[in-house]
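Undergrad: One file is attached below, final_12.txt, containing compact mmCIF, C-alpha atoms and all ligand atoms.
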# COMPACT_ATOMS: atom_id res chain seq x y z
CA MET J 1 12.07 7.23 -29.02
CA ASN J 2 8.45 7.56 -27.91
CA ALA J 3 6.99 6.13 -24.69
CA THR J 4 5.96 2.79 -26.12
CA ASP J 5 9.34 2.14 -27.77
CA THR J 6 11.15 1.79 -24.44
CA PRO J 7 12.29 -1.81 -23.98
CA VAL J 8 11.17 -3.15 -20.60
CA THR J 9 12.04 -6.22 -18.58
CA ILE J 10 9.83 -8.01 -16.09
CA ILE J 11 11.43 -10.43 -13.65
CA GLY J 12 8.96 -12.61 -11.78
CA LEU J 13 5.92 -13.97 -13.56
CA GLY J 14 3.63 -14.87 -10.72
CA LEU J 15 0.04 -13.66 -10.86
CA MET J 16 1.14 -10.04 -10.54
CA GLY J 17 4.25 -10.23 -12.73
CA GLN J 18 2.26 -11.76 -15.58
CA ALA J 19 -0.26 -8.93 -15.35
CA LEU J 20 2.56 -6.33 -15.37
CA ALA J 21 4.23 -7.92 -18.39
CA GLY J 22 0.88 -8.20 -20.16
CA ALA J 23 0.20 -4.48 -19.63
CA PHE J 24 3.61 -3.50 -21.04
CA LEU J 25 3.05 -5.74 -24.07
CA LYS J 26 -0.42 -4.33 -24.62
CA ALA J 27 1.00 -0.81 -24.56
CA GLY J 28 3.46 -1.82 -27.29
CA HIS J 29 6.72 -2.05 -25.33
CA PRO J 30 9.35 -4.53 -26.49
CA THR J 31 9.08 -6.76 -23.41
CA THR J 32 11.64 -9.20 -22.07
CA VAL J 33 10.56 -11.57 -19.32
CA TRP J 34 12.23 -14.04 -16.99
CA ASN J 35 10.82 -16.37 -14.35
CA ARG J 36 12.35 -19.12 -12.20
CA THR J 37 9.69 -21.47 -13.59
CA PRO J 38 9.97 -20.64 -17.30
CA THR J 39 6.67 -22.22 -18.37
CA LYS J 40 4.84 -19.31 -16.73
CA ALA J 41 6.13 -17.19 -19.61
CA ASP J 42 4.38 -19.29 -22.30
CA GLY J 43 1.30 -17.07 -22.67
CA LEU J 44 3.39 -13.90 -22.70
CA VAL J 45 5.80 -15.31 -25.30
CA ALA J 46 2.80 -16.23 -27.44
CA ALA J 47 1.68 -12.60 -27.07
CA GLY J 48 5.06 -11.28 -28.26
CA ALA J 49 7.35 -11.20 -25.21
CA ARG J 50 10.95 -12.46 -25.37
CA LEU J 51 11.91 -15.02 -22.73
CA ALA J 52 15.45 -14.33 -21.55
CA PRO J 53 17.59 -17.41 -20.79
CA THR J 54 18.82 -15.99 -17.46
CA ALA J 55 17.82 -13.24 -15.06
CA GLY J 56 21.13 -11.50 -15.85
CA ASP J 57 20.32 -11.53 -19.55
CA ALA J 58 16.87 -10.11 -18.80
CA LEU J 59 18.41 -7.28 -16.77
CA ARG J 60 20.73 -6.35 -19.62
CA ALA J 61 17.90 -6.27 -22.18
CA GLY J 62 16.99 -2.63 -21.69
CA PRO J 63 17.15 0.45 -19.51
CA LEU J 64 14.13 -0.41 -17.30
CA ALA J 65 13.63 -3.60 -15.30
CA VAL J 66 10.66 -4.27 -13.05
CA ILE J 67 11.00 -7.03 -10.48
CA CYS J 68 7.99 -8.50 -8.68
CA LEU J 69 8.68 -11.59 -6.55
CA THR J 70 7.12 -13.07 -3.43
CA ASP J 71 9.25 -11.08 -0.97
CA TYR J 72 12.59 -9.28 -0.56
CA ASP J 73 14.40 -12.50 0.39
CA ALA J 74 13.48 -13.85 -3.03
CA VAL J 75 14.87 -10.68 -4.64
CA TYR J 76 18.23 -11.13 -2.86
CA ASP J 77 18.20 -14.88 -3.57
CA LEU J 78 17.84 -14.18 -7.24
CA LEU J 79 19.90 -11.04 -7.82
CA GLY J 80 22.48 -11.79 -5.12
CA ALA J 81 23.10 -15.40 -6.11
CA HIS J 82 23.96 -14.42 -9.66
CA GLU J 83 25.69 -11.17 -8.62
CA ALA J 84 23.52 -9.62 -11.31
CA ASP J 85 25.04 -6.74 -13.21
CA LEU J 86 22.79 -3.80 -12.40
CA ASP J 87 25.10 -1.12 -13.73
CA GLY J 88 23.04 1.57 -15.44
CA THR J 89 19.74 -0.33 -15.09
CA THR J 90 16.76 1.39 -13.56
CA LEU J 91 15.43 -1.30 -11.26
CA VAL J 92 11.84 -0.84 -10.07
CA ASN J 93 11.13 -3.27 -7.26
CA LEU J 94 7.36 -3.81 -6.96
CA THR J 95 7.76 -6.65 -4.46
CA SER J 96 5.78 -6.03 -1.25
CA GLY J 97 7.76 -5.44 1.93
CA SER J 98 8.48 -3.06 4.79
CA SER J 99 9.95 0.44 4.51
CA ALA J 100 13.17 -0.79 6.16
CA GLN J 101 13.47 -3.55 3.57
CA ALA J 102 12.94 -1.01 0.80
CA ARG J 103 15.66 1.31 2.14
CA GLU J 104 18.07 -1.59 2.54
CA ALA J 105 17.32 -2.85 -0.97
CA ALA J 106 17.95 0.67 -2.33
CA ARG J 107 21.42 0.71 -0.71
CA TRP J 108 22.11 -2.82 -1.94
CA ALA J 109 21.11 -2.10 -5.52
CA GLU J 110 22.81 1.30 -5.68
CA GLN J 111 26.09 -0.29 -4.49
CA ARG J 112 25.81 -2.52 -7.56
CA GLY J 113 25.29 0.41 -9.90
CA ALA J 114 21.49 0.34 -10.25
CA ARG J 115 19.20 3.32 -10.34
CA TYR J 116 16.70 2.02 -7.80
CA LEU J 117 13.05 2.82 -7.25
CA ASP J 118 10.91 0.97 -4.74
CA GLY J 119 7.23 0.54 -5.38
CA ALA J 120 3.98 -0.78 -4.00
CA ILE J 121 1.04 -2.05 -5.97
CA MET J 122 -2.35 -1.15 -4.56
CA ALA J 123 -4.36 -3.27 -6.99
CA VAL J 124 -5.17 -6.83 -7.98
CA PRO J 125 -3.75 -8.34 -11.19
CA PRO J 126 -6.90 -7.88 -13.35
CA ALA J 127 -6.78 -4.12 -12.69
CA ILE J 128 -3.18 -3.74 -13.92
CA GLY J 129 -3.04 -1.66 -17.10
CA THR J 130 -6.12 0.35 -16.11
CA ALA J 131 -6.36 3.69 -14.30
CA GLU J 132 -7.87 1.84 -11.34
CA ALA J 133 -4.47 0.25 -10.55
CA VAL J 134 -2.64 2.61 -8.20
CA ILE J 135 1.11 2.00 -8.21
CA LEU J 136 3.25 3.98 -5.78
CA HIS J 137 6.96 4.70 -6.30
CA SER J 138 9.65 6.24 -4.15
CA GLY J 139 13.34 6.92 -4.61
CA PRO J 140 15.31 9.53 -6.57
CA HIS J 141 12.86 11.58 -8.62
CA PRO J 142 14.98 11.70 -11.82
CA HIS J 143 14.83 7.87 -12.03
CA PHE J 144 11.04 8.01 -11.90
CA GLU J 145 10.77 10.94 -14.29
CA ALA J 146 12.94 9.16 -16.86
CA HIS J 147 10.61 6.15 -16.95
CA GLU J 148 7.23 7.54 -15.95
CA PRO J 149 5.84 7.31 -19.52
CA ALA J 150 6.67 3.58 -19.66
CA LEU J 151 5.54 2.87 -16.07
CA ALA J 152 2.22 4.58 -16.84
CA ALA J 153 1.32 1.53 -18.94
CA LEU J 154 0.79 -0.30 -15.63
CA GLY J 155 -1.83 2.02 -14.15
CA THR J 156 -2.01 5.28 -12.25
CA VAL J 157 1.61 5.79 -11.21
CA THR J 158 2.73 8.22 -8.53
CA HIS J 159 6.08 9.31 -7.15
CA LEU J 160 5.86 9.97 -3.40
CA GLY J 161 9.35 11.24 -2.55
CA THR J 162 13.04 10.45 -2.53
CA ASP J 163 13.00 8.19 0.56
CA PRO J 164 12.73 4.69 -0.97
CA GLY J 165 10.74 3.49 2.07
CA LEU J 166 7.80 5.82 1.37
CA ALA J 167 5.96 3.58 -1.09
CA SER J 168 5.87 0.73 1.45
CA LEU J 169 4.79 3.09 4.22
CA TYR J 170 1.92 4.50 2.16
CA ASP J 171 0.99 0.94 1.25
CA VAL J 172 0.58 -0.18 4.87
CA ALA J 173 -1.02 3.13 5.88
CA GLY J 174 -3.62 2.48 3.19
CA LEU J 175 -4.15 -1.03 4.56
CA ALA J 176 -4.71 0.42 8.06
CA MET J 177 -7.41 2.65 6.60
CA MET J 178 -8.99 -0.13 4.59
CA TRP J 179 -9.19 -2.67 7.41
CA SER J 180 -10.31 -0.11 9.97
CA VAL J 181 -13.20 0.98 7.76
CA LEU J 182 -14.14 -2.63 7.00
CA ASN J 183 -14.00 -3.67 10.67
CA ALA J 184 -16.14 -0.69 11.68
CA TRP J 185 -18.66 -1.66 9.03
CA LEU J 186 -18.68 -5.29 10.20
CA GLN J 187 -19.25 -4.11 13.80
CA GLY J 188 -22.31 -2.13 12.76
CA THR J 189 -23.53 -4.97 10.56
CA ALA J 190 -23.31 -7.43 13.47
CA MET J 191 -25.27 -5.05 15.69
CA LEU J 192 -28.01 -4.35 13.14
CA ARG J 193 -28.44 -8.01 12.23
CA THR J 194 -29.70 -8.57 15.79
CA ALA J 195 -32.65 -6.38 14.78
CA GLY J 196 -33.20 -8.18 11.47
CA VAL J 197 -31.46 -5.57 9.28
CA ASP J 198 -29.46 -7.29 6.56
CA ALA J 199 -25.91 -6.37 5.55
CA ALA J 200 -26.97 -4.94 2.18
CA THR J 201 -29.40 -2.51 3.79
CA TYR J 202 -26.85 -1.27 6.30
CA ALA J 203 -24.13 -1.05 3.61
CA GLN J 204 -26.07 1.74 1.88
CA PHE J 205 -26.19 3.75 5.12
CA ALA J 206 -22.60 2.90 6.11
CA ARG J 207 -21.09 4.08 2.82
CA ARG J 208 -22.63 7.53 3.38
CA ILE J 209 -21.13 7.66 6.90
CA ALA J 210 -17.71 6.57 5.58
CA ALA J 211 -17.81 9.17 2.80
CA GLY J 212 -18.90 11.87 5.26
CA VAL J 213 -16.11 11.05 7.72
CA ALA J 214 -13.57 11.08 4.86
CA GLU J 215 -14.47 14.75 4.33
CA TRP J 216 -13.28 15.56 7.85
CA LEU J 217 -9.74 14.36 7.21
CA PRO J 218 -8.16 17.50 5.67
CA GLY J 219 -9.41 19.75 8.50
CA TYR J 220 -8.35 17.27 11.17
CA ALA J 221 -4.97 16.91 9.46
CA GLU J 222 -4.48 20.68 9.75
CA GLN J 223 -4.96 20.37 13.52
CA ILE J 224 -2.43 17.53 13.73
CA ASP J 225 0.14 19.38 11.62
CA ALA J 226 -0.37 22.51 13.74
CA GLY J 227 -0.30 20.53 17.01
CA SER J 228 -3.39 22.41 18.20
CA TYR J 229 -6.80 20.81 18.78
CA PRO J 230 -9.49 23.36 19.61
CA ALA J 231 -12.92 21.68 19.94
CA GLU J 232 -14.61 23.40 16.99
CA VAL J 233 -17.22 20.70 16.48
CA SER J 234 -17.11 18.34 19.44
CA ALA J 235 -14.93 17.77 22.50
CA LEU J 236 -13.30 14.39 23.05
CA GLU J 237 -15.18 13.95 26.36
CA THR J 238 -18.48 14.29 24.43
CA ASP J 239 -17.29 11.68 21.92
CA ALA J 240 -16.29 9.39 24.80
CA ARG J 241 -19.88 9.38 26.12
CA ALA J 242 -21.08 8.18 22.69
CA MET J 243 -18.32 5.54 22.75
CA ALA J 244 -19.70 4.29 26.06
CA HIS J 245 -23.10 3.80 24.34
CA LEU J 246 -21.38 1.82 21.59
CA VAL J 247 -19.69 -0.45 24.14
CA GLU J 248 -22.87 -0.90 26.22
CA GLU J 249 -25.05 -1.57 23.19
CA SER J 250 -22.59 -4.14 21.79
CA GLU J 251 -22.40 -5.94 25.14
CA ALA J 252 -26.18 -5.84 25.59
CA LEU J 253 -26.75 -7.26 22.10
CA GLY J 254 -24.26 -10.07 22.70
CA VAL J 255 -22.04 -9.12 19.75
CA ASN J 256 -18.26 -8.72 19.90
CA ALA J 257 -17.37 -5.58 21.88
CA GLU J 258 -13.55 -5.71 21.46
CA LEU J 259 -13.38 -2.98 18.82
CA PRO J 260 -15.75 -0.61 20.67
CA ARG J 261 -13.73 -1.15 23.87
CA LEU J 262 -10.47 -0.37 22.07
CA ILE J 263 -11.97 2.82 20.59
CA LYS J 264 -13.10 3.92 24.06
CA ALA J 265 -9.84 2.92 25.78
CA LEU J 266 -7.83 5.18 23.44
CA ALA J 267 -10.12 8.12 24.18
CA ASP J 268 -10.11 7.40 27.93
CA ARG J 269 -6.31 7.46 28.00
CA SER J 270 -6.24 10.79 26.19
CA ILE J 271 -8.87 12.25 28.54
CA ALA J 272 -6.88 10.98 31.55
CA ALA J 273 -3.88 12.83 30.11
CA GLY J 274 -5.94 16.05 30.22
CA HIS J 275 -7.23 16.29 26.62
CA GLY J 276 -10.97 15.84 27.20
CA LYS J 277 -11.85 19.36 26.10
CA GLU J 278 -9.89 19.13 22.87
CA GLN J 279 -11.00 17.73 19.50
CA TYR J 280 -10.75 14.14 18.28
CA PRO J 281 -7.42 14.37 16.38
CA VAL J 282 -5.64 14.99 19.70
CA LEU J 283 -5.75 11.17 19.83
CA ILE J 284 -2.78 11.16 17.42
CA ALA J 285 -0.62 10.94 20.56
CA GLN J 286 -2.17 7.51 21.23
CA PHE J 287 -0.92 6.32 17.86
CA THR J 288 2.57 7.80 17.77
CA THR J 289 3.87 5.67 20.62
CA PRO J 290 3.57 1.94 21.31
CA ALA J 291 0.45 1.09 23.32
CA ALA J 292 0.68 1.21 27.11
CA THR J 293 0.83 -2.30 28.46
P1 LIG J 301 2.96 -15.29 -6.83
O1 LIG J 301 1.91 -15.56 -7.84
O2 LIG J 301 3.08 -16.22 -5.67
O3 LIG J 301 4.37 -15.20 -7.58
C1 LIG J 301 5.59 -15.14 -6.88
C2 LIG J 301 6.71 -14.94 -7.87
O4 LIG J 301 7.96 -14.90 -7.14
C3 LIG J 301 6.86 -16.09 -8.89
O5 LIG J 301 7.29 -15.55 -10.12
C4 LIG J 301 7.95 -16.94 -8.25
O6 LIG J 301 8.63 -17.75 -9.18
C5 LIG J 301 8.85 -15.84 -7.73
N1 LIG J 301 9.81 -16.29 -6.72
C6 LIG J 301 9.56 -16.59 -5.42
N2 LIG J 301 10.71 -16.94 -4.79
C7 LIG J 301 11.69 -16.85 -5.71
C8 LIG J 301 13.10 -17.06 -5.67
N3 LIG J 301 13.71 -17.44 -4.54
N4 LIG J 301 13.80 -16.86 -6.82
C9 LIG J 301 13.19 -16.47 -7.95
N5 LIG J 301 11.86 -16.25 -8.06
C10 LIG J 301 11.12 -16.43 -6.96
O7 LIG J 301 2.78 -13.85 -6.18
P2 LIG J 301 2.15 -12.53 -6.85
O8 LIG J 301 0.71 -12.49 -6.57
O9 LIG J 301 2.64 -12.42 -8.26
O10 LIG J 301 2.84 -11.42 -5.94
C11 LIG J 301 4.13 -10.91 -6.22
C12 LIG J 301 4.34 -9.66 -5.39
O11 LIG J 301 3.33 -8.70 -5.72
C13 LIG J 301 4.23 -9.94 -3.87
O12 LIG J 301 5.20 -9.18 -3.18
C14 LIG J 301 2.83 -9.44 -3.56
O13 LIG J 301 2.67 -9.03 -2.22
C15 LIG J 301 2.69 -8.27 -4.53
N6 LIG J 301 1.28 -7.93 -4.78
C16 LIG J 301 0.44 -8.90 -5.24
C17 LIG J 301 -0.91 -8.57 -5.40
C18 LIG J 301 -1.90 -9.62 -5.92
O14 LIG J 301 -3.11 -9.33 -5.84
N7 LIG J 301 -1.45 -10.75 -6.43
C19 LIG J 301 -1.37 -7.28 -5.11
C20 LIG J 301 -0.45 -6.32 -4.66
C21 LIG J 301 0.87 -6.66 -4.49
P3 LIG J 301 8.04 -19.21 -9.56
O15 LIG J 301 6.93 -18.94 -10.55
O16 LIG J 301 9.19 -19.92 -10.14
O17 LIG J 301 7.53 -19.82 -8.27
Rewrite the structure from the file as C-alpha cells, please.
Ligand code: NAP

TA:
Amino acid sequence: MNATDTPVTIIGLGLMGQALAGAFLKAGHPTTVWNRTPTKADGLVAAGARLAPTAGDALRAGPLAVICLTDYDAVYDLLGAHEADLDGTTLVNLTSGSSAQAREAARWAEQRGARYLDGAIMAVPPAIGTAEAVILHSGPHPHFEAHEPALAALGTVTHLGTDPGLASLYDVAGLAMMWSVLNAWLQGTAMLRTAGVDAATYAQFARRIAAGVAEWLPGYAEQIDAGSYPAEVSALETDARAMAHLVEESEALGVNAELPRLIKALADRSIAAGHGKEQYPVLIAQFTTPAAT
C-alpha cells in the first residue's frame, strides 16, 4: 500500500475539517467523512468522499481517523455519548485546547483502545494541503511514524515528542510570540503616527528589527539552558535605561504606555533582585512564576 492508498476518516466538517478532508481527497486518499450537520459534507461527497451514516461507522472505516471539532467538550460529547469503538484506530485529535486537555484526552482514548495523537493546527483553512500549513503532533512516536505519509497531505507535519500535551503547548507558545511581536509593532506604529509616519512606512523598518531580534534567540536560549547570563552584549541595567525612554516618550506623545510600562516593570523587578549586571535572558525568572501582585 502506498501513502495515498491509506483510507482516512475526518470527523467534524467545520471550516477546518472541510479543508482537512479536501486535502486528503486531493492527495488521493479514500476519504470517509462524518459531521453532526450532514449537509456540510455535500461538497466533499461530490468530490469523492464517502459520508458515513454515524460517527462510529466513520471511525471503523480505516486505520486513521482525524477529529477536528470546536473544543474538547464536543469531542467527549460525540465519542463519549456513542461509546465509540476506538480499538485499533489511530485517532489524531486536531481540536484546539490546552495541554492538560490533550493529556486527559490521550488517557481517555487509550483506555478505549485507541492509538492517540494530539495535534495543533497553526494555519488557516485555505493553507491546508500546502507546505505553509504547519501541523504539530505529539504522543507516541510509532503512531505518528505509521501515519506520517498520510498526514503529510495536510501540510508540513511535525512530531514534537511523546507527551501528548506538547502540541498544545507549542501552539500557545507560538501565539505568545505572534501577539507580542504584533503588539510591539502596534506600539511603535502609534508612536510614529504622531509624527506623520504611516504604518506601511514603519512596517518596512519594523520587519528588519523583528528579523534581527529573531537571530538573537539561539544564543539567548543557550544562556537560559545553562542558567548563566554574562553580559556579553548589554547589561540589563543598560536596557532598563532605554526602557525608561520608551515609557517617557509614549507618555509624552499621549499614546498608550501600558506595554512599555510592563516591559520596564519586569526589568526593574529583576534588577531589584540583583540581576542588573547580567544579560537580558536573565528575565526568564520573571516568566517562570506567576506575576507578583
Ligand atoms: P467550526 O467551523 O465552528 O466547526 C466546528 C465543528 O465542530 C463543526 O463540524 C461542528 O458540527 C462540530 N461540533 C461542535 N460541537 C459538536 C458536538 N457537540 N458534537 C459534534 N460535533 C460538534 O470550527 P473550525 O474553524 O472548523 O475549527 C475546528 C477546530 O480547529 C477548533 O478547535 C479550532 O480552534 C481549530 N482551528 C481552526 C482554525 C481556523 O482558522 N478555522 C485554525 C487553527 C485551528 P456542526 O457543523 O454540526 O455544527

Undergrad: How big is the axis-aligned box around the listed atoms of region 69-84 of chain J once 4 Å is added on each side, and where is its centre? Give both in Å to one decimal, as lines of an AutoDock Vina configuration file.

TA:
center_x = 16.4
center_y = -12.3
center_z = -5.5
size_x = 26.6
size_y = 14.1
size_z = 19.7

Undergrad: Excluding same-chain residues fewer than 2 positions from region 216-229 of chain J, what lies within 12 Å of it counting only C-alpha atoms, as a list in words?

TA: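 Returned residues: Met177, Ile209, Ala210, Ala211, Gly212, Val213, Ala214, Ala231, Glu232, Val233, Ser234, Ala235, Leu236, His275, Gly276, Lys277, Glu278, Gln279, Tyr280, Pro281, Val282, Leu283, Ile284, Ala285 and Thr288 of chain J.
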
Undergrad: At a cut-off of 6 Å around ligand LIG 301 (chain J), and using all atoms listed in the file, what residues come up? Please write them as an MDAnalysis selection string.

TA: chainID J and resid 12:17 35:37 68:71 74 77:78 95:96 121:125

Undergrad: Keeping only C-alpha atoms, write those residues as an mmCIF file, in the coordinates of the input.

TA:
data_model
loop_
_atom_site.group_PDB
_atom_site.id
_atom_site.type_symbol
_atom_site.label_atom_id
_atom_site.label_comp_id
_atom_site.auth_asym_id
_atom_site.auth_seq_id
_atom_site.Cartn_x
_atom_site.Cartn_y
_atom_site.Cartn_z
ATOM 1 C CA GLY J 12 8.960 -12.610 -11.780
ATOM 2 C CA LEU J 13 5.920 -13.970 -13.560
ATOM 3 C CA GLY J 14 3.630 -14.870 -10.720
ATOM 4 C CA LEU J 15 0.040 -13.660 -10.860
ATOM 5 C CA MET J 16 1.140 -10.040 -10.540
ATOM 6 C CA GLY J 17 4.250 -10.230 -12.730
ATOM 7 C CA ASN J 35 10.820 -16.370 -14.350
ATOM 8 C CA ARG J 36 12.350 -19.120 -12.200
ATOM 9 C CA THR J 37 9.690 -21.470 -13.590
ATOM 10 C CA CYS J 68 7.990 -8.500 -8.680
ATOM 11 C CA LEU J 69 8.680 -11.590 -6.550
ATOM 12 C CA THR J 70 7.120 -13.070 -3.430
ATOM 13 C CA ASP J 71 9.250 -11.080 -0.970
ATOM 14 C CA ALA J 74 13.480 -13.850 -3.030
ATOM 15 C CA ASP J 77 18.200 -14.880 -3.570
ATOM 16 C CA LEU J 78 17.840 -14.180 -7.240
ATOM 17 C CA THR J 95 7.760 -6.650 -4.460
ATOM 18 C CA SER J 96 5.780 -6.030 -1.250
ATOM 19 C CA ILE J 121 1.040 -2.050 -5.970
ATOM 20 C CA MET J 122 -2.350 -1.150 -4.560
ATOM 21 C CA ALA J 123 -4.360 -3.270 -6.990
ATOM 22 C CA VAL J 124 -5.170 -6.830 -7.980
ATOM 23 C CA PRO J 125 -3.750 -8.340 -11.190
#

Undergrad: Any idea what the distance is between CA of Val66 (chain J) and CA of Thr89 (chain J)?

TA: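 Computing the Euclidean distance for CA of Val66 (chain J) and CA of Thr89 (chain J) yields 10.1 Å.
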
Undergrad: Please compute the CA of Pro140 (chain J)-CA of Leu169 (chain J) distance, one decimal, in Å.

TA: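 A separation of 16.4 Å between them.
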
Undergrad: Work out how far CA of Gly28 (chain J) is from CA of Asn93 (chain J), in Å to one decimal.

TA: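 Taking CA of Asn93 (chain J) as the start and CA of Gly28 (chain J) as the end point, the length is 21.5 Å.
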
Undergrad: Could you pull the residues within 12 Å of Leu186 (chain J), counting only C-alpha atoms, minus those fewer than 2 positions along the same chain, as an MDAnalysis selection string?

TA: chainID J and resid 179:184 188:193 198:200 202:203 206 255:257 259:260

Undergrad: Contacts of region 147-159 of chain J at 6 Å or less, counting only C-alpha atoms, minus same-chain residues fewer than 5 places along, as number ranges by chain?

TA: J: 3, 23-24, 128-131, 133-138

Undergrad: Counting all atoms listed in the file, which residue out of J:Ala244, J:Ala52, J:Ile271, J:Leu25 sits closest to Thr4 (chain J)?

TA: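 Going through J:Ala244, J:Ala52, J:Ile271, J:Leu25 one by one, the smallest distance to Thr4 (chain J) is for J:Leu25.
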
Undergrad: Have a look at J:Ser98, J:Thr194, J:Thr54, J:Thr31 and name the one nearest to Leu79 (chain J); count all atoms listed in the file.

TA: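 Smallest distance to Leu79 (chain J) is found for J:Thr54.
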
Undergrad: Counting only C-alpha atoms, what is within 12 Å of Ala46 (chain J), bar same-chain residues fewer than 6 positions away, as a list in words?

TA: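 In the requested form, the answer reads Gly22, Leu25, Thr39 and Lys40 of chain J.
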
Undergrad: So that I can look at just that part, could you write region 232-245 of chain J with N, CA and C atoms, as a compact mmCIF listing (two decimals), in the first residue's frame?

TA:
# COMPACT_ATOMS: atom_id res chain seq x y z
N GLU J 232 27.34 39.82 27.65
CA GLU J 232 28.30 39.82 26.53
C GLU J 232 28.04 41.00 25.61
N VAL J 233 26.80 41.43 25.54
CA VAL J 233 26.43 42.50 24.60
C VAL J 233 25.93 43.73 25.35
N SER J 234 25.09 43.50 26.33
CA SER J 234 24.49 44.62 27.06
C SER J 234 24.02 44.11 28.42
N ALA J 235 24.14 44.97 29.43
CA ALA J 235 23.66 44.59 30.77
C ALA J 235 22.20 45.01 30.90
N LEU J 236 21.47 44.29 31.72
CA LEU J 236 20.04 44.59 31.89
C LEU J 236 19.83 46.03 32.37
N GLU J 237 20.74 46.54 33.22
CA GLU J 237 20.54 47.91 33.72
C GLU J 237 20.68 48.93 32.58
N THR J 238 21.49 48.60 31.57
CA THR J 238 21.60 49.49 30.39
C THR J 238 20.29 49.45 29.61
N ASP J 239 19.78 48.22 29.41
CA ASP J 239 18.49 48.07 28.71
C ASP J 239 17.39 48.84 29.44
N ALA J 240 17.42 48.78 30.77
CA ALA J 240 16.36 49.42 31.56
C ALA J 240 16.34 50.94 31.35
N ARG J 241 17.52 51.53 31.10
CA ARG J 241 17.53 52.98 30.84
C ARG J 241 16.83 53.27 29.51
N ALA J 242 17.05 52.41 28.52
CA ALA J 242 16.36 52.58 27.22
C ALA J 242 14.85 52.37 27.39
N MET J 243 14.49 51.44 28.28
CA MET J 243 13.05 51.20 28.54
C MET J 243 12.41 52.45 29.15
N ALA J 244 13.17 53.13 30.00
CA ALA J 244 12.64 54.36 30.60
C ALA J 244 12.35 55.39 29.49
N HIS J 245 13.22 55.47 28.48
CA HIS J 245 12.97 56.39 27.34
C HIS J 245 11.67 56.01 26.64
